[in-house]
file coords.txt (compact mmCIF, C-alpha atoms)
# COMPACT_ATOMS: atom_id res chain seq x y z
CA MET A 26 103.86 14.20 8.33
CA SER A 27 100.87 12.48 6.76
CA GLY A 28 98.54 14.41 9.08
CA THR A 29 100.18 17.68 8.10
CA ILE A 30 100.00 17.10 4.37
CA HIS A 31 96.45 15.83 4.77
CA GLU A 32 95.36 19.14 6.33
CA GLN A 33 97.47 21.20 3.99
CA LEU A 34 95.91 19.51 1.00
CA GLN A 35 92.39 20.02 2.24
CA ASP A 36 93.09 23.67 3.02
CA ARG A 37 94.39 24.30 -0.49
CA MET A 38 91.65 22.44 -2.33
CA PRO A 39 89.46 25.50 -3.07
CA GLU A 40 92.40 27.42 -4.57
CA VAL A 41 93.51 24.50 -6.73
CA ALA A 42 89.94 23.70 -7.79
CA ARG A 43 89.42 27.34 -8.80
CA GLY A 44 92.61 27.24 -10.83
CA SER A 45 94.53 29.81 -8.79
CA ALA A 46 97.06 27.22 -7.52
CA THR A 47 98.36 23.78 -8.46
CA TRP A 48 99.37 20.64 -6.54
CA ASP A 49 103.01 19.98 -5.99
CA ALA A 50 104.39 16.47 -6.42
CA ALA A 51 104.03 15.50 -2.75
CA GLU A 52 100.44 16.70 -2.63
CA GLN A 53 99.62 14.91 -5.87
CA ALA A 54 101.07 11.67 -4.50
CA HIS A 55 99.10 12.03 -1.29
CA LEU A 56 95.91 12.70 -3.21
CA GLU A 57 96.33 9.47 -5.16
CA ALA A 58 96.94 7.47 -2.00
CA CYS A 59 94.39 8.97 0.41
CA THR A 60 90.76 7.92 -0.15
CA ASP A 61 89.39 10.55 2.23
CA CYS A 62 91.28 13.39 0.55
CA ARG A 63 90.27 12.13 -2.89
CA ALA A 64 86.58 12.12 -1.88
CA GLU A 65 86.91 15.66 -0.56
CA TRP A 66 88.76 16.77 -3.66
CA GLU A 67 85.96 15.44 -5.89
CA LEU A 68 83.43 17.29 -3.74
CA ILE A 69 85.29 20.60 -3.87
CA ARG A 70 85.92 20.31 -7.61
CA ALA A 71 82.20 19.77 -8.21
CA ALA A 72 81.23 22.52 -5.74
CA VAL A 73 83.38 25.06 -7.55
CA GLY A 74 81.19 24.46 -10.61
CA VAL A 75 77.83 24.90 -8.85
CA GLY A 76 75.95 27.70 -10.55
CA GLU A 77 78.74 28.28 -13.07
CA ARG A 78 76.26 28.19 -15.92
CA VAL A 79 73.91 30.57 -14.10
CA GLU A 80 76.78 33.01 -13.75
CA ARG A 81 77.76 32.64 -17.40
CA GLU A 82 74.23 33.17 -18.68
CA PHE A 83 73.18 35.96 -16.32
CA ASP A 84 72.02 39.14 -18.07
CA ALA A 85 74.38 41.58 -16.38
CA VAL A 86 73.65 44.39 -18.84
CA GLY A 87 69.91 44.08 -18.21
CA ALA A 88 70.54 44.09 -14.46
CA ALA A 89 72.71 47.21 -14.77
CA ARG A 90 70.00 48.96 -16.75
CA ALA A 91 67.30 48.04 -14.23
CA VAL A 92 69.39 49.05 -11.21
CA THR A 93 70.49 52.41 -12.60
CA GLU A 94 66.92 53.16 -13.66
CA ARG A 95 65.77 52.45 -10.13
CA LEU A 96 68.54 54.57 -8.64
CA ARG A 97 67.36 57.47 -10.81
CA GLN A 98 63.86 57.40 -9.37
CA PRO A 99 62.86 59.50 -6.38
CA ARG A 100 63.41 57.77 -3.06
CA ALA A 101 59.70 57.11 -2.57
CA LEU A 102 59.77 54.83 -5.63
CA HIS A 103 62.93 52.97 -4.68
CA ARG A 104 61.09 49.95 -3.42
CA ARG A 105 61.00 46.63 -5.22
CA PRO A 106 58.43 46.39 -8.04
CA ALA A 107 55.87 44.42 -6.01
CA VAL A 108 56.11 46.72 -3.00
CA ARG A 109 56.13 49.74 -5.30
CA THR A 110 52.86 48.62 -6.88
CA LEU A 111 51.26 48.45 -3.44
CA VAL A 112 52.57 51.90 -2.54
CA VAL A 113 51.26 53.38 -5.81
CA LEU A 114 47.84 51.73 -5.30
CA ALA A 115 47.64 53.06 -1.74
CA ALA A 116 48.57 56.55 -2.94
CA ALA A 117 45.94 56.37 -5.71
CA ALA A 118 43.30 55.28 -3.20
CA ALA A 119 44.21 58.18 -0.92
CA ILE A 120 43.96 60.66 -3.79
CA ALA A 121 40.64 59.18 -4.91
CA PHE A 122 39.30 59.50 -1.37
CA VAL A 123 40.30 63.14 -1.13
CA PHE A 124 38.88 64.19 -4.50
CA PHE A 125 35.87 61.94 -4.90
CA ARG A 126 34.52 61.51 -1.39
CA PRO A 127 30.72 62.14 -1.08
CA VAL A 128 29.89 65.78 -0.50
CA VAL A 129 28.31 66.18 2.93
CA PRO A 130 26.13 69.36 3.09
CA MET A 131 27.30 71.95 5.58
CA PRO A 132 24.99 72.50 8.52
CA SER A 133 22.80 75.50 7.68
CA THR A 134 23.06 77.86 10.61
CA PRO A 135 22.15 81.55 10.34
CA ALA A 136 25.76 82.45 10.93
CA ALA A 137 26.85 80.12 8.16
CA ALA A 138 24.19 81.56 5.83
CA GLU A 139 25.38 85.08 6.54
CA ALA A 140 28.91 84.04 5.92
CA ARG A 141 27.91 82.86 2.48
CA LEU A 142 26.34 86.27 1.58
CA LEU A 143 28.06 88.54 -0.85
CA PRO A 144 31.40 89.31 0.73
CA GLU A 145 31.68 92.57 -1.22
CA LEU A 146 28.96 94.06 1.02
CA ASP A 147 31.46 94.07 3.87
CA SER A 148 33.23 97.03 2.36
CA LEU A 149 30.10 99.26 2.35
CA ASN A 150 29.29 101.69 5.17
CA VAL A 151 25.90 101.91 6.87
CA ALA A 152 24.54 104.65 4.59
CA GLU A 153 25.49 102.76 1.48
CA LEU A 154 23.94 99.58 2.85
CA THR A 155 20.69 101.41 3.66
CA LEU A 156 20.57 102.86 0.18
CA LEU A 157 21.12 99.43 -1.29
CA ALA A 158 18.45 97.82 0.90
CA ASP A 159 15.92 100.47 -0.17
CA ALA A 160 16.64 99.76 -3.81
CA ILE A 161 15.96 96.03 -3.47
CA GLU A 162 12.36 95.06 -4.34
CA PRO A 163 10.57 93.35 -1.45
CA PRO A 164 9.63 89.71 -2.03
CA LEU A 165 6.22 89.16 -3.68
CA ALA A 166 4.65 87.65 -0.58
CA GLU A 167 5.46 90.77 1.37
CA THR A 168 3.83 93.06 -1.22
CA PRO A 169 0.21 93.98 -0.32
CA LEU A 170 -2.13 93.25 -3.22
CA GLY A 171 -3.61 96.66 -2.99
CA ALA A 172 -0.23 98.21 -3.45
CA ASP A 173 -0.01 96.96 -7.03
CA PRO A 174 -0.81 100.05 -9.04
CA ALA A 175 -1.85 97.97 -12.06
CA LEU A 176 -4.76 96.39 -10.16
CA THR A 177 -5.83 99.45 -8.17
CA ASP A 178 -6.29 101.38 -11.34
CA LEU A 179 -8.98 98.93 -12.62
CA ASP A 180 -12.65 99.50 -12.11
CA THR A 181 -15.14 96.83 -10.90
CA THR A 182 -16.04 95.61 -14.37
CA GLN A 183 -12.43 95.28 -15.42
CA LEU A 184 -11.54 93.45 -12.20
CA THR A 185 -14.43 91.02 -12.74
CA ARG A 186 -13.10 90.26 -16.25
CA VAL A 187 -9.61 89.62 -14.91
CA LEU A 188 -10.95 87.28 -12.21
CA ARG A 189 -13.08 85.39 -14.75
CA SER A 190 -10.12 84.94 -17.10
CA LEU A 191 -8.03 83.61 -14.23
CA GLU A 192 -10.77 81.17 -13.19
CA GLY A 193 -11.21 80.00 -16.81
CA MET B 3 86.09 61.90 -9.88
CA PRO B 4 86.02 61.15 -13.60
CA LEU B 5 85.70 57.54 -14.69
CA PRO B 6 88.74 56.21 -16.55
CA ALA B 7 88.34 55.46 -20.25
CA GLU B 8 86.45 52.33 -21.32
CA SER B 9 89.62 50.55 -22.43
CA THR B 10 91.11 50.52 -18.93
CA SER B 11 89.63 48.51 -16.12
CA PRO B 12 89.00 50.79 -13.18
CA SER B 13 89.11 49.28 -9.72
CA ASP B 14 85.96 48.85 -7.66
CA GLN B 15 87.18 51.70 -5.45
CA ASP B 16 87.49 53.97 -8.49
CA LEU B 17 84.01 53.06 -9.65
CA VAL B 18 82.53 53.62 -6.21
CA ALA B 19 84.23 57.04 -6.00
CA ALA B 20 82.96 57.92 -9.48
CA TYR B 21 79.42 56.87 -8.58
CA ARG B 22 79.57 58.92 -5.40
CA SER B 23 80.50 61.94 -7.42
CA GLY B 24 77.46 61.45 -9.62
CA ASP B 25 78.66 59.24 -12.47
CA GLU B 26 75.81 56.85 -13.21
CA ARG B 27 77.92 54.83 -15.66
CA ALA B 28 80.10 53.77 -12.75
CA ALA B 29 77.08 52.16 -11.09
CA ALA B 30 76.25 50.33 -14.30
CA ARG B 31 79.80 49.03 -14.61
CA LEU B 32 79.82 47.80 -11.03
CA VAL B 33 76.55 45.94 -11.61
CA GLU B 34 77.83 44.44 -14.86
CA ARG B 35 81.04 43.35 -13.15
CA HIS B 36 79.59 41.75 -10.04
CA SER B 37 75.98 40.77 -10.69
CA PRO B 38 76.80 37.42 -12.40
CA SER B 39 78.72 36.16 -9.37
CA VAL B 40 76.02 37.47 -7.04
CA ALA B 41 73.50 35.52 -9.15
CA ARG B 42 75.61 32.41 -8.81
CA PHE B 43 75.94 32.87 -5.06
CA LEU B 44 72.19 33.32 -4.70
CA TYR B 45 71.51 30.29 -6.89
CA SER B 46 73.98 28.16 -4.94
CA SER B 47 72.32 29.36 -1.73
CA GLY B 48 68.91 28.16 -2.88
CA ALA B 49 67.30 30.93 -4.93
CA THR B 50 65.36 29.65 -7.92
CA ARG B 51 66.22 30.76 -11.44
CA ASP B 52 62.94 32.66 -11.65
CA GLU B 53 63.87 34.74 -8.62
CA LEU B 54 67.41 35.57 -9.65
CA ASP B 55 66.82 38.76 -11.66
CA ASP B 56 64.77 40.32 -8.90
CA LEU B 57 67.09 39.22 -6.08
CA VAL B 58 70.26 40.34 -7.85
CA GLN B 59 68.78 43.73 -8.69
CA GLU B 60 67.61 44.16 -5.12
CA THR B 61 71.04 43.18 -3.79
CA MET B 62 72.79 45.69 -6.05
CA PHE B 63 70.26 48.38 -5.32
CA ARG B 64 70.61 47.91 -1.55
CA ALA B 65 74.36 48.07 -1.96
CA PHE B 66 74.21 51.46 -3.68
CA ARG B 67 71.84 52.78 -1.05
CA ARG B 68 74.23 51.70 1.70
CA LEU B 69 77.46 52.44 -0.02
CA ASP B 70 78.66 54.42 2.98
CA SER B 71 78.70 51.23 5.04
CA TRP B 72 81.15 49.53 2.69
CA ARG B 73 84.60 49.54 4.21
CA GLY B 74 87.02 49.61 1.35
CA ASP B 75 89.32 47.14 3.13
CA SER B 76 87.06 44.20 2.29
CA GLY B 77 86.35 43.29 -1.29
CA ILE B 78 83.15 44.70 -2.68
CA ARG B 79 82.12 41.26 -3.94
CA SER B 80 82.40 39.84 -0.44
CA TRP B 81 80.29 42.73 0.82
CA LEU B 82 77.72 42.10 -1.93
CA PHE B 83 77.54 38.43 -0.93
CA SER B 84 76.74 39.54 2.62
CA ILE B 85 73.90 41.73 1.36
CA ALA B 86 72.66 38.91 -0.88
CA GLY B 87 72.80 36.44 2.01
CA ASN B 88 70.81 38.78 4.25
CA LEU B 89 68.30 39.38 1.48
CA LEU B 90 67.80 35.65 1.05
CA LYS B 91 67.36 35.32 4.81
CA ASP B 92 64.71 38.07 4.74
CA GLU B 93 62.93 36.31 1.89
CA ALA B 94 62.99 33.03 3.82
CA ARG B 95 61.50 34.74 6.85
CA LYS B 96 58.73 36.24 4.73
CA ARG B 97 57.84 32.85 3.33
CA LYS B 98 58.05 30.92 6.60
CA GLY B 99 56.07 27.74 6.36
CA ARG B 100 56.75 27.41 2.67
CA THR B 101 59.68 25.58 1.15
CA VAL B 102 62.15 28.35 0.63
CA LEU B 103 64.87 26.59 -1.18
CA SER B 104 63.30 24.90 -4.14
CA LEU B 105 65.06 22.39 -6.25
CA ALA B 106 62.38 22.04 -8.87
CA ASP B 107 63.39 20.47 -12.15
CA HIS B 108 63.24 23.78 -13.95
CA ASP B 109 65.92 25.19 -11.65
CA ALA B 110 68.50 22.79 -12.96
CA PRO B 111 70.23 24.14 -16.04
CA SER B 112 69.08 22.44 -19.20
CA HIS B 113 71.80 20.26 -20.61
CA THR B 114 73.13 21.04 -24.05
CA GLY B 115 76.79 20.10 -23.83
CA PRO B 116 78.78 16.86 -23.93
CA ASP B 117 78.41 14.01 -21.43
CA HIS B 118 81.17 15.14 -19.08
CA GLU B 119 79.40 18.49 -18.77
CA LEU B 120 76.19 16.66 -17.98
CA GLU B 121 77.94 14.66 -15.28
CA ALA B 122 79.48 17.82 -13.85
CA GLU B 123 76.12 19.57 -13.83
CA GLU B 124 74.45 16.60 -12.17
CA ALA B 125 77.17 16.50 -9.53
CA GLY B 126 76.75 20.25 -9.08
CA GLU B 127 73.02 19.89 -8.59
CA ARG B 128 73.54 17.16 -5.99
CA ILE B 129 75.89 19.44 -4.12
CA ARG B 130 73.46 22.33 -4.41
CA ALA B 131 70.74 20.11 -2.96
CA GLY B 132 73.12 19.21 -0.15
CA LEU B 133 74.02 22.85 0.45
CA LEU B 134 70.38 23.69 0.99
CA THR B 135 70.20 21.30 3.91
CA LEU B 136 73.09 22.97 5.72
CA PRO B 137 72.71 25.63 8.40
CA ARG B 138 73.05 29.08 6.86
CA LEU B 139 76.46 29.89 8.33
CA GLN B 140 77.95 26.59 7.21
CA ARG B 141 76.57 27.11 3.71
CA GLU B 142 77.83 30.69 3.45
CA VAL B 143 81.28 29.86 4.78
CA PHE B 144 81.54 26.96 2.36
CA LEU B 145 80.42 29.02 -0.66
CA ARG B 146 82.69 31.93 0.20
CA ARG B 147 85.64 29.62 0.68
CA VAL B 148 85.05 27.51 -2.42
CA GLN B 149 83.51 29.88 -4.94
CA LEU B 150 84.85 33.25 -3.85
CA GLY B 151 88.20 31.88 -2.67
CA GLU B 152 88.08 33.88 0.55
CA GLY B 153 90.37 33.02 3.42
CA TYR B 154 89.01 32.26 6.88
CA ASP B 155 90.01 35.67 8.22
CA ALA B 156 88.04 37.49 5.53
CA ILE B 157 85.08 35.14 5.95
CA ALA B 158 85.10 35.76 9.69
CA VAL B 159 85.01 39.53 9.16
CA ALA B 160 82.26 39.30 6.54
CA LEU B 161 80.04 37.06 8.61
CA GLY B 162 80.78 38.61 11.97
CA THR B 163 82.36 35.53 13.49
CA THR B 164 85.84 34.37 14.46
CA THR B 165 88.45 32.82 12.20
CA GLY B 166 88.36 29.61 14.21
CA ALA B 167 84.58 29.42 14.02
CA ALA B 168 84.69 29.99 10.26
CA ARG B 169 87.15 27.12 9.90
CA VAL B 170 84.94 24.84 11.99
CA HIS B 171 81.86 25.79 9.93
CA TYR B 172 83.72 24.96 6.75
CA HIS B 173 84.83 21.54 7.97
CA HIS B 174 81.33 20.70 9.21
CA ALA B 175 79.94 21.68 5.83
CA VAL B 176 82.48 19.53 3.98
CA LYS B 177 81.81 16.56 6.22
CA ARG B 178 78.06 16.85 5.81
CA LEU B 179 78.26 17.32 2.04
CA LYS B 180 80.54 14.31 1.67
CA GLU B 181 77.91 12.21 3.42
CA LEU B 182 75.08 13.66 1.35
CA VAL B 183 76.60 13.33 -2.09
CA ARG B 184 78.35 10.01 -1.55
call {"tool": "encode", "arguments": {"input": "coords.txt", "output": "structure tokens"}}
result
Amino acid sequence: MSGTIHEQLQDRMPEVARGSATWDAAEQAHLEACTDCRAEWELIRAAVGVGERVEREFDAVGAARAVTERLRQPRALHRRPAVRTLVVLAAAAAIAFVFFRPVVPMPSTPAAAEARLLPELDSLNVAELTLLADAIEPPLAETPLGADPALTDLDTTQLTRVLRSLEG
Amino acid sequence: MPLPAESTSPSDQDLVAAYRSGDERAAARLVERHSPSVARFLYSSGATRDELDDLVQETMFRAFRRLDSWRGDSGIRSWLFSIAGNLLKDEARKRKGRTVLSLADHDAPSHTGPDHELEAEEAGERIRAGLLTLPRLQREVFLRRVQLGEGYDAIAVALGTTTGAARVHYHHAVKRLKELVR
């Protein structure tokens, strides 16, 4: 019988220590007589109180606010604050790389140069292009000196004066 | 599903259903209801006071993300303890090589009450120190049995073990703690 009540008592200790049950007279008597049960009872009674103060003082409202705020965020930002900081930094670095990477000049091939010409020319037909080409002044280096009407009109004396003024 | 008025106390199942249907207040009420005991469980399992806010929030957040895996037949608090226990295990793994379960002086609650409270708190801290030396399963079975009041069957389901094994873990934990706090 003693073995039975011994086990029964130990099994019920958590409930009694938490206040959800009480000892009956036989259990109480056994508890007073049994050193082993009394030692266990003291242990369980103290264990029930471990962290009681932490529980009492915990800021549940603050936790609720923080959790619901986190639940509201998009899934990508659901990580814990420390991990989230790392993710945000990595994302910022990626964005910075894309937008601020050094500009490498494109290789300058004739085809590439042509591709960069005025795209609106593509819509013109051959006759229009020829007309346009004729209207464009040739570069200075390609213009023969003698073709400049301003100089050909000068006589020898006037040309000499122009040359002297250029030479200083 | 609409949340019952503030004056009534909706069940956890009601709150979960309300949250699933988009009621954010239901999530807040669940956190307010259960986070203090989750904090206590984490503290008893070795978390420091400084870590508690973060760990509790993470536990609750993970719970909401995995709400579909909660079987309504087990209490939500028991389920939350399982998530908290796994979280603590993950943290321990991350910090391998370091002392995970600190019992620094600042972890112990500062005493402001009468002498019997001081004695109780000191005894509690000795037990907490002893708990930290136990294997994880023994510690969790002990805390669930003593603080949550769970029966061996429920503990076995929550920890994925058998009822008999849960009982053995509990008795090993008690035996070891009795030696440690003697």
call {"tool": "closest_atom_pairs", "arguments": {"input": "coords.txt", "of": "chain B", "to": "chain A", "cutoff": "7 Å", "atoms": "all atoms listed in the file", "output": "JSON lines"}}
result
{"residue": "B:Glu26", "atom": "CA", "partner": "A:Thr93", "partner_atom": "CA", "distance": 7.0}
{"residue": "B:Ala29", "atom": "CA", "partner": "A:Thr93", "partner_atom": "CA", "distance": 6.8}
{"residue": "B:Ala30", "atom": "CA", "partner": "A:Ala89", "partner_atom": "CA", "distance": 4.7}
{"residue": "B:Val33", "atom": "CA", "partner": "A:Ala89", "partner_atom": "CA", "distance": 5.1}
{"residue": "B:Glu34", "atom": "CA", "partner": "A:Ala85", "partner_atom": "CA", "distance": 4.7}
{"residue": "B:Ser37", "atom": "CA", "partner": "A:Ala85", "partner_atom": "CA", "distance": 6.0}
{"residue": "B:Pro38", "atom": "CA", "partner": "A:Glu80", "partner_atom": "CA", "distance": 4.6}
{"residue": "B:Ser39", "atom": "CA", "partner": "A:Glu80", "partner_atom": "CA", "distance": 5.7}
{"residue": "B:Ala41", "atom": "CA", "partner": "A:Glu80", "partner_atom": "CA", "distance": 6.2}
{"residue": "B:Arg42", "atom": "CA", "partner": "A:Gly76", "partner_atom": "CA", "distance": 5.0}
{"residue": "B:Tyr45", "atom": "CA", "partner": "A:Gly76", "partner_atom": "CA", "distance": 6.3}
{"residue": "B:Ser46", "atom": "CA", "partner": "A:Gly76", "partner_atom": "CA", "distance": 6.0}
{"residue": "B:Gln59", "atom": "CA", "partner": "A:Val92", "partner_atom": "CA", "distance": 5.9}
{"residue": "B:Phe63", "atom": "CA", "partner": "A:Val92", "partner_atom": "CA", "distance": 6.0}
{"residue": "B:Ala122", "atom": "CA", "partner": "A:Ala71", "partner_atom": "CA", "distance": 6.6}
{"residue": "B:Ala125", "atom": "CA", "partner": "A:Ala71", "partner_atom": "CA", "distance": 6.1}
{"residue": "B:Gly126", "atom": "CA", "partner": "A:Val75", "partner_atom": "CA", "distance": 4.8}
{"residue": "B:Glu127", "atom": "CA", "partner": "A:Val75", "partner_atom": "CA", "distance": 7.0}
{"residue": "B:Ile129", "atom": "CA", "partner": "A:Ala72", "partner_atom": "CA", "distance": 6.4}
{"residue": "B:Arg130", "atom": "CA", "partner": "A:Val75", "partner_atom": "CA", "distance": 6.7}
{"residue": "B:Arg147", "atom": "CA", "partner": "A:Pro39", "partner_atom": "CA", "distance": 6.8}
{"residue": "B:Val148", "atom": "CA", "partner": "A:Pro39", "partner_atom": "CA", "distance": 4.9}
{"residue": "B:Gln149", "atom": "CA", "partner": "A:Val73", "partner_atom": "CA", "distance": 5.5}
{"residue": "B:Gly151", "atom": "CA", "partner": "A:Glu40", "partner_atom": "CA", "distance": 6.4}
{"residue": "B:Lys180", "atom": "CA", "partner": "A:Leu68", "partner_atom": "CA", "distance": 6.8}
call {"tool": "write_last_selection", "arguments": {"input": "coords.txt", "atoms": "C-alpha atoms", "output": "short mmCIF file (atom, residue, chain, number, x, y, z; two decimals), in the frame of the given file"}}
result
data_model
loop_
_atom_site.label_atom_id
_atom_site.label_comp_id
_atom_site.auth_asym_id
_atom_site.auth_seq_id
_atom_site.Cartn_x
_atom_site.Cartn_y
_atom_site.Cartn_z
CA GLU B 26 75.81 56.85 -13.21
CA ALA B 29 77.08 52.16 -11.09
CA ALA B 30 76.25 50.33 -14.30
CA VAL B 33 76.55 45.94 -11.61
CA GLU B 34 77.83 44.44 -14.86
CA SER B 37 75.98 40.77 -10.69
CA PRO B 38 76.80 37.42 -12.40
CA SER B 39 78.72 36.16 -9.37
CA ALA B 41 73.50 35.52 -9.15
CA ARG B 42 75.61 32.41 -8.81
CA TYR B 45 71.51 30.29 -6.89
CA SER B 46 73.98 28.16 -4.94
CA GLN B 59 68.78 43.73 -8.69
CA PHE B 63 70.26 48.38 -5.32
CA ALA B 122 79.48 17.82 -13.85
CA ALA B 125 77.17 16.50 -9.53
CA GLY B 126 76.75 20.25 -9.08
CA GLU B 127 73.02 19.89 -8.59
CA ILE B 129 75.89 19.44 -4.12
CA ARG B 130 73.46 22.33 -4.41
CA ARG B 147 85.64 29.62 0.68
CA VAL B 148 85.05 27.51 -2.42
CA GLN B 149 83.51 29.88 -4.94
CA GLY B 151 88.20 31.88 -2.67
CA LYS B 180 80.54 14.31 1.67
#
call {"tool": "atom_distance", "arguments": {"input": "coords.txt", "atom1": "CA of Ile85 (chain B)", "atom2": "CA of Leu182 (chain B)"}}
result
28.1 Å
call {"tool": "atom_distance", "arguments": {"input": "coords.txt", "atom1": "CA of Thr164 (chain B)", "atom2": "CA of Arg138 (chain B)"}}
result
15.8 Å
call {"tool": "atom_distance", "arguments": {"input": "coords.txt", "atom1": "CA of Asp75 (chain B)", "atom2": "CA of Val40 (chain B)"}}
result
19.3 Å
call {"tool": "axis_aligned_box", "arguments": {"input": "coords.txt", "around": "region 42-54 of chain A", "padding_each_side": "8 Å", "output": "JSON"}}
result
{"center_x": 96.9, "center_y": 20.7, "center_z": -6.7, "size_x": 31.0, "size_y": 34.1, "size_z": 24.2}
call {"tool": "closest_residue", "arguments": {"input": "coords.txt", "among": "A:Pro99, A:His31, A:Gly44, A:Thr182", "to": "Glu57 (chain A)", "atoms": "all atoms listed in the file"}}
result
A:His31
call {"tool": "residues_around", "arguments": {"input": "coords.txt", "residues": "His55 (chain A)", "least_positions_apart": "5", "cutoff": "9 Å", "atoms": "only C-alpha atoms", "output": "PyMOL selection string"}}
result
chain A and resi 27+30-31+34+50+62-63
call {"tool": "residues_around", "arguments": {"input": "coords.txt", "residues": "region 19-25 of chain B", "least_positions_apart": "3", "cutoff": "12 Å", "atoms": "all atoms listed in the file", "output": "list in words"}}
result
Thr93, Leu96 and Arg97 of chain A; Met3, Pro4, Leu5, Pro6, Pro12, Ser13, Asp14, Gln15, Asp16, Ala28, Ala29, Ala30, Arg31, Leu32, Val33, Phe66, Arg67, Arg68, Leu69, Asp70, Trp72 and Gly74 of chain B
